[in-house]
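Trainee: Structure file final07.cif (mmCIF, C-alpha atoms) is given on the next line.
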data_target
#
loop_
_atom_site.group_PDB
_atom_site.id
_atom_site.type_symbol
_atom_site.label_atom_id
_atom_site.label_comp_id
_atom_site.auth_asym_id
_atom_site.auth_seq_id
_atom_site.Cartn_x
_atom_site.Cartn_y
_atom_site.Cartn_z
ATOM 1 C CA MET A 1 117.212 73.582 99.360
ATOM 2 C CA THR A 2 120.572 75.242 99.854
ATOM 3 C CA PHE A 3 120.716 78.468 101.795
ATOM 4 C CA THR A 4 123.645 80.864 101.958
ATOM 5 C CA PRO A 5 125.329 82.091 105.155
ATOM 6 C CA GLU A 6 123.677 85.470 104.412
ATOM 7 C CA ASP A 7 120.251 83.784 104.304
ATOM 8 C CA GLU A 8 120.982 82.237 107.684
ATOM 9 C CA LYS A 9 122.078 85.592 109.121
ATOM 10 C CA TRP A 10 118.907 87.352 107.984
ATOM 11 C CA MET A 11 116.597 84.569 109.132
ATOM 12 C CA ARG A 12 118.250 84.664 112.565
ATOM 13 C CA LEU A 13 117.343 88.365 112.683
ATOM 14 C CA ALA A 14 113.762 87.529 111.704
ATOM 15 C CA LEU A 15 113.603 85.003 114.553
ATOM 16 C CA GLN A 16 114.869 87.698 116.952
ATOM 17 C CA GLU A 17 112.275 90.094 115.574
ATOM 18 C CA ALA A 18 109.562 87.498 116.256
ATOM 19 C CA GLU A 19 110.530 87.412 119.934
ATOM 20 C CA LYS A 20 109.552 91.095 120.230
ATOM 21 C CA ALA A 21 105.919 90.192 119.558
ATOM 22 C CA LEU A 22 105.750 88.322 122.848
ATOM 23 C CA VAL A 23 105.911 91.595 124.779
ATOM 24 C CA HIS A 24 102.456 92.433 123.408
ATOM 25 C CA ALA A 25 101.081 88.871 123.629
ATOM 26 C CA ASP A 26 101.156 88.648 119.831
ATOM 27 C CA VAL A 27 101.961 85.463 117.931
ATOM 28 C CA PRO A 28 105.768 85.469 117.517
ATOM 29 C CA ILE A 29 106.282 86.028 113.820
ATOM 30 C CA GLY A 30 109.063 88.203 112.461
ATOM 31 C CA ALA A 31 110.115 89.568 109.078
ATOM 32 C CA ILE A 32 113.217 91.272 107.714
ATOM 33 C CA ALA A 33 113.463 93.051 104.337
ATOM 34 C CA VAL A 34 116.967 93.089 102.849
ATOM 35 C CA ARG A 35 118.373 94.992 99.867
ATOM 36 C CA ASN A 36 122.038 95.094 98.888
ATOM 37 C CA ASN A 37 122.998 93.184 102.038
ATOM 38 C CA GLU A 38 121.338 95.769 104.299
ATOM 39 C CA VAL A 39 118.171 95.596 106.395
ATOM 40 C CA ILE A 40 115.723 98.187 105.055
ATOM 41 C CA GLY A 41 112.621 96.954 106.827
ATOM 42 C CA SER A 42 111.665 94.846 109.799
ATOM 43 C CA GLY A 43 108.537 93.907 111.614
ATOM 44 C CA TYR A 44 106.942 91.606 114.119
ATOM 45 C CA ASN A 45 103.306 90.818 114.692
ATOM 46 C CA ARG A 46 101.531 93.771 116.299
ATOM 47 C CA ARG A 47 97.876 92.829 115.795
ATOM 48 C CA GLU A 48 97.148 92.747 119.525
ATOM 49 C CA ALA A 49 99.339 95.734 120.343
ATOM 50 C CA ASP A 50 97.829 97.943 117.624
ATOM 51 C CA GLN A 51 94.387 96.307 117.459
ATOM 52 C CA ASP A 52 94.972 96.194 113.699
ATOM 53 C CA PRO A 53 94.220 93.039 111.692
ATOM 54 C CA THR A 54 96.749 94.123 109.048
ATOM 55 C CA ALA A 55 99.649 94.542 111.486
ATOM 56 C CA HIS A 56 101.389 91.343 110.394
ATOM 57 C CA ALA A 57 105.182 91.184 110.537
ATOM 58 C CA GLU A 58 105.459 90.969 106.742
ATOM 59 C CA MET A 59 103.192 93.948 106.124
ATOM 60 C CA LEU A 60 105.157 96.111 108.544
ATOM 61 C CA ALA A 61 108.498 95.119 106.995
ATOM 62 C CA ILE A 62 107.163 95.733 103.468
ATOM 63 C CA ARG A 63 105.819 99.171 104.408
ATOM 64 C CA GLN A 64 109.095 100.160 106.028
ATOM 65 C CA ALA A 65 111.115 98.892 103.050
ATOM 66 C CA ALA A 66 108.967 100.874 100.610
ATOM 67 C CA GLN A 67 109.553 104.027 102.663
ATOM 68 C CA VAL A 68 113.315 103.457 102.568
ATOM 69 C CA VAL A 69 113.305 102.703 98.833
ATOM 70 C CA GLY A 70 110.962 105.617 98.174
ATOM 71 C CA TYR A 71 108.882 103.553 95.789
ATOM 72 C CA TRP A 72 106.225 100.865 96.061
ATOM 73 C CA ARG A 73 108.127 98.414 93.871
ATOM 74 C CA LEU A 74 110.545 96.359 95.941
ATOM 75 C CA GLU A 75 112.298 94.803 92.968
ATOM 76 C CA GLU A 76 115.688 94.283 94.651
ATOM 77 C CA VAL A 77 114.441 93.153 98.051
ATOM 78 C CA THR A 78 114.430 89.731 99.678
ATOM 79 C CA LEU A 79 111.971 89.225 102.509
ATOM 80 C CA TYR A 80 112.779 86.780 105.311
ATOM 81 C CA CYS A 81 109.786 85.615 107.365
ATOM 82 C CA THR A 82 109.524 83.112 110.161
ATOM 83 C CA LEU A 83 106.141 81.831 108.931
ATOM 84 C CA GLU A 84 104.662 81.215 105.496
ATOM 85 C CA PRO A 85 102.607 84.288 104.565
ATOM 86 C CA CYS A 86 98.830 84.475 104.669
ATOM 87 C CA CYS A 87 96.837 85.596 101.620
ATOM 88 C CA MET A 88 96.983 89.278 102.647
ATOM 89 C CA CYS A 89 100.757 89.271 103.039
ATOM 90 C CA ALA A 90 101.321 87.145 99.942
ATOM 91 C CA GLY A 91 99.135 89.541 97.957
ATOM 92 C CA ALA A 92 101.190 92.490 99.198
ATOM 93 C CA MET A 93 104.378 90.705 98.127
ATOM 94 C CA VAL A 94 103.023 90.168 94.619
ATOM 95 C CA LEU A 95 101.822 93.774 94.388
ATOM 96 C CA ALA A 96 105.207 95.044 95.617
ATOM 97 C CA ARG A 97 106.932 92.984 92.884
ATOM 98 C CA LEU A 98 109.047 91.306 95.547
ATOM 99 C CA PRO A 99 111.512 89.046 93.735
ATOM 100 C CA ARG A 100 112.289 86.602 96.551
ATOM 101 C CA LEU A 101 110.791 85.333 99.788
ATOM 102 C CA VAL A 102 112.526 83.025 102.249
ATOM 103 C CA TYR A 103 110.299 81.686 104.982
ATOM 104 C CA ALA A 104 111.076 79.344 107.839
ATOM 105 C CA THR A 105 108.039 77.207 108.565
ATOM 106 C CA ALA A 106 104.836 76.368 106.715
ATOM 107 C CA ASP A 107 101.396 77.480 107.861
ATOM 108 C CA PRO A 108 98.978 74.590 107.228
ATOM 109 C CA LYS A 109 96.011 76.696 108.389
ATOM 110 C CA ALA A 110 96.492 79.927 106.425
ATOM 111 C CA GLY A 111 99.535 79.535 104.169
ATOM 112 C CA ALA A 112 99.365 81.254 100.798
ATOM 113 C CA GLY A 113 102.889 80.320 99.735
ATOM 114 C CA GLY A 114 102.159 76.707 98.844
ATOM 115 C CA SER A 115 100.513 75.068 101.873
ATOM 116 C CA ILE A 116 96.854 75.834 101.211
ATOM 117 C CA PHE A 117 97.287 77.666 97.935
ATOM 118 C CA ASN A 118 100.082 79.459 96.187
ATOM 119 C CA MET A 119 99.255 83.085 95.567
ATOM 120 C CA LEU A 120 102.949 83.915 95.305
ATOM 121 C CA GLN A 121 103.393 81.920 92.121
ATOM 122 C CA HIS A 122 99.921 81.946 90.627
ATOM 123 C CA PRO A 123 100.326 81.867 86.834
ATOM 124 C CA GLN A 124 97.480 84.301 86.195
ATOM 125 C CA LEU A 125 98.975 87.079 88.301
ATOM 126 C CA ASN A 126 101.276 89.642 86.720
ATOM 127 C CA HIS A 127 104.183 88.785 89.045
ATOM 128 C CA GLN A 128 105.496 85.641 90.697
ATOM 129 C CA VAL A 129 107.716 85.587 93.763
ATOM 130 C CA GLN A 130 110.573 83.095 94.042
ATOM 131 C CA VAL A 131 109.854 81.155 97.231
ATOM 132 C CA GLU A 132 112.363 79.248 99.338
ATOM 133 C CA SER A 133 111.289 77.629 102.573
ATOM 134 C CA GLY A 134 112.514 75.543 105.461
ATOM 135 C CA LEU A 135 115.378 77.660 106.788
ATOM 136 C CA PHE A 136 115.308 77.208 110.595
ATOM 137 C CA ALA A 137 111.809 75.742 110.256
ATOM 138 C CA ASP A 138 112.003 73.798 113.526
ATOM 139 C CA GLU A 139 113.053 76.859 115.523
ATOM 140 C CA ALA A 140 110.330 79.063 114.047
ATOM 141 C CA ALA A 141 107.660 76.409 114.542
ATOM 142 C CA GLU A 142 108.738 75.901 118.159
ATOM 143 C CA GLN A 143 108.513 79.665 118.842
ATOM 144 C CA ILE A 144 104.889 79.578 117.732
ATOM 145 C CA ARG A 145 104.019 76.306 119.485
ATOM 146 C CA ALA A 146 105.525 77.565 122.753
ATOM 147 C CA PHE A 147 103.429 80.721 122.515
ATOM 148 C CA PHE A 148 100.193 78.743 122.124
ATOM 149 C CA ARG A 149 101.179 76.239 124.840
ATOM 150 C CA LYS A 150 101.607 79.171 127.223
ATOM 151 C CA LEU A 151 98.225 80.627 126.248
ATOM 152 C CA ARG A 152 96.499 77.300 126.821
ATOM 153 C CA ALA A 153 98.257 76.857 130.171
ATOM 154 C CA GLU A 154 96.998 80.298 131.199
ATOM 155 C CA GLY A 155 93.479 79.388 130.087
ATOM 156 C CA GLN A 156 93.411 81.797 127.163
ATOM 157 C CA LYS A 157 92.462 81.209 123.521
#
Show the structure stored in the file as structure tokens.
Mentor:
Amino acid sequence: MTFTPEDEKWMRLALQEAEKALVHADVPIGAIAVRNNEVIGSGYNRREADQDPTAHAEMLAIRQAAQVVGYWRLEEVTLYCTLEPCCMCAGAMVLARLPRLVYATADPKAGAGGSIFNMLQHPQLNHQVQVESGLFADEAAEQIRAFFRKLRAEGQK
């Protein structure tokens, strides 16, 4: 898959966003919503910080983008995520009519963008999201692995 320099720039921002989750001992996952070459939404995992099971990076970036757009349809937005979305986040992307998702690394345990199942391109849904993956996959995967190594070393989870 060929990514543009703009794709690389936005995914780097998503990786930086993911680092913010570490402050709250959340899994380091970040997301950036871009429209017309401008960030209109961003998020990082805040499940632990907010004690909210829906506070995934993608959900927060989608909500923020919808507020900026002033409409629930995000038809001109590309979402950059450091991890393949779960079924909740993938469902939100379909419902938001998101045209394009770029994610860094696959999630073999909960991925709904092709790893376990593909909600984003399910033929029976009324919208399919163009999915591109693998951009900075090693870096994103290492962020997550390092987080869990640290937890195990501290005797947690």
Trainee: For the provided coordinates, the residues matched by the PyMOL selection byres ((chain A and resi 1) around 12) should be stated as a list of chain:residue names.
Mentor: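 With the shown file as input, the PyMOL selection byres ((chain A and resi 1) around 12) matches A:Thr2, A:Phe3, A:Thr4, A:Asp7, A:Val102, A:Ala104, A:Val131, A:Glu132, A:Ser133, A:Gly134, A:Leu135, A:Phe136.
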Trainee: To verify the selection step, state as a list in words which residues the PyMOL selection byres ((chain A and resi 15) around 8) yields on this input.
Mentor: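 On the file shown, the PyMOL selection byres ((chain A and resi 15) around 8) covers Met11, Arg12, Leu13, Ala14, Gln16, Glu17, Ala18, Glu19, Ile29, Gly30, Ala31, Thr82 and Ala140 of chain A.
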Trainee: Excluding same-chain residues fewer than 3 positions from Val39 of chain A, what lies within 12 Å of it counting only C-alpha atoms, as JSON, numbers by chain?
Mentor: {"A": [6, 9, 10, 11, 13, 14, 31, 32, 33, 34, 35, 36, 42, 43, 61, 62, 64, 65, 68, 69, 77, 78, 79, 80]}
Trainee: From the list A:Leu120, A:Val23, A:Ala57, A:Leu125, which residue is nearest Leu98 of chain A when using all atoms listed in the file?
Mentor: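 Between A:Leu120, A:Val23, A:Ala57, A:Leu125, the residue approaching Leu98 of chain A most closely is A:Leu120.
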Trainee: Which residues, written as a short mmCIF file (atom, residue, chain, number, x, y, z; two decimals) with C-alpha atoms, in the coordinates of the input, have at least one atom at most 10 Å from Gly113 of chain A, with only C-alpha atoms counted and residues fewer than 4 positions away on the same chain left out?
Mentor:
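The new file part.cif reads:
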data_model
loop_
_atom_site.label_atom_id
_atom_site.label_comp_id
_atom_site.auth_asym_id
_atom_site.auth_seq_id
_atom_site.Cartn_x
_atom_site.Cartn_y
_atom_site.Cartn_z
CA LEU A 83 106.14 81.83 108.93
CA GLU A 84 104.66 81.22 105.50
CA PRO A 85 102.61 84.29 104.56
CA CYS A 86 98.83 84.48 104.67
CA CYS A 87 96.84 85.60 101.62
CA CYS A 89 100.76 89.27 103.04
CA ALA A 90 101.32 87.14 99.94
CA LEU A 101 110.79 85.33 99.79
CA TYR A 103 110.30 81.69 104.98
CA ALA A 106 104.84 76.37 106.72
CA ASP A 107 101.40 77.48 107.86
CA PHE A 117 97.29 77.67 97.94
CA ASN A 118 100.08 79.46 96.19
CA MET A 119 99.26 83.08 95.57
CA LEU A 120 102.95 83.92 95.30
CA GLN A 121 103.39 81.92 92.12
CA HIS A 122 99.92 81.95 90.63
CA VAL A 129 107.72 85.59 93.76
CA GLN A 130 110.57 83.10 94.04
CA VAL A 131 109.85 81.16 97.23
CA GLU A 132 112.36 79.25 99.34
CA SER A 133 111.29 77.63 102.57
#
Trainee: If you measure from atom CA of Glu154 of chain A to atom CA of Glu48 of chain A, what distance in Å do you get, rounded to one decimal?
Mentor: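 Interatomic distance, atom CA of Glu154 of chain A to atom CA of Glu48 of chain A: 17.1 Å.
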Trainee: I'd like to know which of A:Pro123, A:Gln128, A:Asn37, A:His56 is closest to Pro5 of chain A, using all atoms listed in the file.
Mentor: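 Of all the options, A:Asn37 lies closest to Pro5 of chain A.
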Trainee: Once 4 Å is added on each side, what are the centre and the three edge lengths, in Å to one decimal, of the axis-aligned box enclosing the listed atoms of segment 114-126 of chain A? Present them as AutoDock Vina command-line options.
Mentor:
--center_x 100.1 --center_y 82.4 --center_z 94.0 --size_x 14.5 --size_y 22.6 --size_z 23.7
Trainee: Counting only C-alpha atoms, which of A:Gln124, A:Ala96, A:Ala146, A:Ala141 gets nearest to Tyr71 of chain A?
Mentor: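 For Tyr71 of chain A, the nearest of the given residues is A:Ala96.
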Trainee: How far is it from atom CA of Leu60 of chain A to atom CA of Leu95 of chain A, in Å with one decimal?
Mentor: 14.7 Å
Trainee: Report the distance between atom CA of Ala55 of chain A and atom CA of Ile116 of chain A in Å, rounded to one decimal place.
Mentor: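 Separation between atom CA of Ala55 of chain A and atom CA of Ile116 of chain A: 21.5 Å.
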Trainee: Hey, which of A:Met88, A:Trp72, A:Val94, A:Asp138 ends up closest to Ala110 of chain A? Count only C-alpha atoms.
Mentor: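 Going through A:Met88, A:Trp72, A:Val94, A:Asp138 one by one, the smallest distance to Ala110 of chain A is for A:Met88.
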Trainee: Hey, which of A:Gly91, A:Thr105, A:Gly70, A:Arg100 ends up closest to Arg145 of chain A? Count only C-alpha atoms.
Mentor: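 Smallest distance to Arg145 of chain A is found for A:Thr105.
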Trainee: Measuring between all atoms listed in the file, which one of A:Met59, A:Ile144, A:Met93, A:Ala137 shows the shortest distance to Glu75 of chain A?
Mentor: A:Met93
Trainee: Compile the contact shell of Ala49 of chain A as an MDAnalysis selection string: residues with an atom at most 9 Å away, counting all atoms listed in the file, same-chain residues fewer than 3 positions apart removed.
Mentor: chainID A and resid 21 23:26 45:46 52 55
Trainee: Could you pull segment 100-113 of chain A out of the structure just shown and give N, CA, C and O atoms as a PDB file, in the first residue's frame?
Mentor:
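Just written: decode_26.pdb:
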ATOM      1  N   ARG A 100     -12.984   7.270   4.659  1.00  0.00           N
ATOM      2  CA  ARG A 100     -11.662   6.634   4.653  1.00  0.00           C
ATOM      3  C   ARG A 100     -11.099   6.522   6.059  1.00  0.00           C
ATOM      4  O   ARG A 100     -11.157   7.468   6.840  1.00  0.00           O
ATOM      5  N   LEU A 101     -10.522   5.357   6.323  1.00  0.00           N
ATOM      6  CA  LEU A 101      -9.811   5.090   7.571  1.00  0.00           C
ATOM      7  C   LEU A 101      -8.408   4.607   7.226  1.00  0.00           C
ATOM      8  O   LEU A 101      -8.246   3.731   6.376  1.00  0.00           O
ATOM      9  N   VAL A 102      -7.419   5.169   7.894  1.00  0.00           N
ATOM     10  CA  VAL A 102      -6.047   4.681   7.811  1.00  0.00           C
ATOM     11  C   VAL A 102      -5.664   4.259   9.222  1.00  0.00           C
ATOM     12  O   VAL A 102      -5.718   5.066  10.139  1.00  0.00           O
ATOM     13  N   TYR A 103      -5.332   2.985   9.387  1.00  0.00           N
ATOM     14  CA  TYR A 103      -4.880   2.567  10.708  1.00  0.00           C
ATOM     15  C   TYR A 103      -3.499   1.935  10.628  1.00  0.00           C
ATOM     16  O   TYR A 103      -3.099   1.411   9.595  1.00  0.00           O
ATOM     17  N   ALA A 104      -2.782   2.018  11.734  1.00  0.00           N
ATOM     18  CA  ALA A 104      -1.393   1.577  11.761  1.00  0.00           C
ATOM     19  C   ALA A 104      -1.277   0.064  11.886  1.00  0.00           C
ATOM     20  O   ALA A 104      -0.768  -0.599  10.987  1.00  0.00           O
ATOM     21  N   THR A 105      -1.724  -0.475  13.011  1.00  0.00           N
ATOM     22  CA  THR A 105      -1.480  -1.889  13.276  1.00  0.00           C
ATOM     23  C   THR A 105      -2.790  -2.642  13.526  1.00  0.00           C
ATOM     24  O   THR A 105      -3.761  -2.082  14.031  1.00  0.00           O
ATOM     25  N   ALA A 106      -2.785  -3.902  13.151  1.00  0.00           N
ATOM     26  CA  ALA A 106      -3.966  -4.755  13.292  1.00  0.00           C
ATOM     27  C   ALA A 106      -4.194  -5.129  14.752  1.00  0.00           C
ATOM     28  O   ALA A 106      -3.269  -5.139  15.566  1.00  0.00           O
ATOM     29  N   ASP A 107      -5.439  -5.449  15.062  1.00  0.00           N
ATOM     30  CA  ASP A 107      -5.807  -5.919  16.396  1.00  0.00           C
ATOM     31  C   ASP A 107      -6.370  -7.329  16.262  1.00  0.00           C
ATOM     32  O   ASP A 107      -7.557  -7.507  15.981  1.00  0.00           O
ATOM     33  N   PRO A 108      -5.526  -8.350  16.464  1.00  0.00           N
ATOM     34  CA  PRO A 108      -5.972  -9.735  16.278  1.00  0.00           C
ATOM     35  C   PRO A 108      -6.947 -10.229  17.343  1.00  0.00           C
ATOM     36  O   PRO A 108      -7.520 -11.303  17.207  1.00  0.00           O
ATOM     37  N   LYS A 109      -7.172  -9.428  18.392  1.00  0.00           N
ATOM     38  CA  LYS A 109      -8.084  -9.835  19.457  1.00  0.00           C
ATOM     39  C   LYS A 109      -9.456  -9.176  19.350  1.00  0.00           C
ATOM     40  O   LYS A 109     -10.441  -9.719  19.835  1.00  0.00           O
ATOM     41  N   ALA A 110      -9.518  -7.983  18.751  1.00  0.00           N
ATOM     42  CA  ALA A 110     -10.800  -7.269  18.708  1.00  0.00           C
ATOM     43  C   ALA A 110     -11.005  -6.480  17.421  1.00  0.00           C
ATOM     44  O   ALA A 110     -11.901  -5.651  17.349  1.00  0.00           O
ATOM     45  N   GLY A 111     -10.209  -6.725  16.406  1.00  0.00           N
ATOM     46  CA  GLY A 111     -10.263  -5.925  15.185  1.00  0.00           C
ATOM     47  C   GLY A 111     -11.511  -6.146  14.352  1.00  0.00           C
ATOM     48  O   GLY A 111     -11.842  -7.277  14.003  1.00  0.00           O
ATOM     49  N   ALA A 112     -12.176  -5.040  14.037  1.00  0.00           N
ATOM     50  CA  ALA A 112     -13.383  -5.094  13.204  1.00  0.00           C
ATOM     51  C   ALA A 112     -13.160  -4.407  11.863  1.00  0.00           C
ATOM     52  O   ALA A 112     -14.096  -3.990  11.202  1.00  0.00           O
ATOM     53  N   GLY A 113     -11.881  -4.317  11.468  1.00  0.00           N
ATOM     54  CA  GLY A 113     -11.540  -3.730  10.178  1.00  0.00           C
ATOM     55  C   GLY A 113     -10.849  -4.743   9.285  1.00  0.00           C
ATOM     56  O   GLY A 113     -10.119  -4.381   8.381  1.00  0.00           O
TER      57      GLY A 113
END
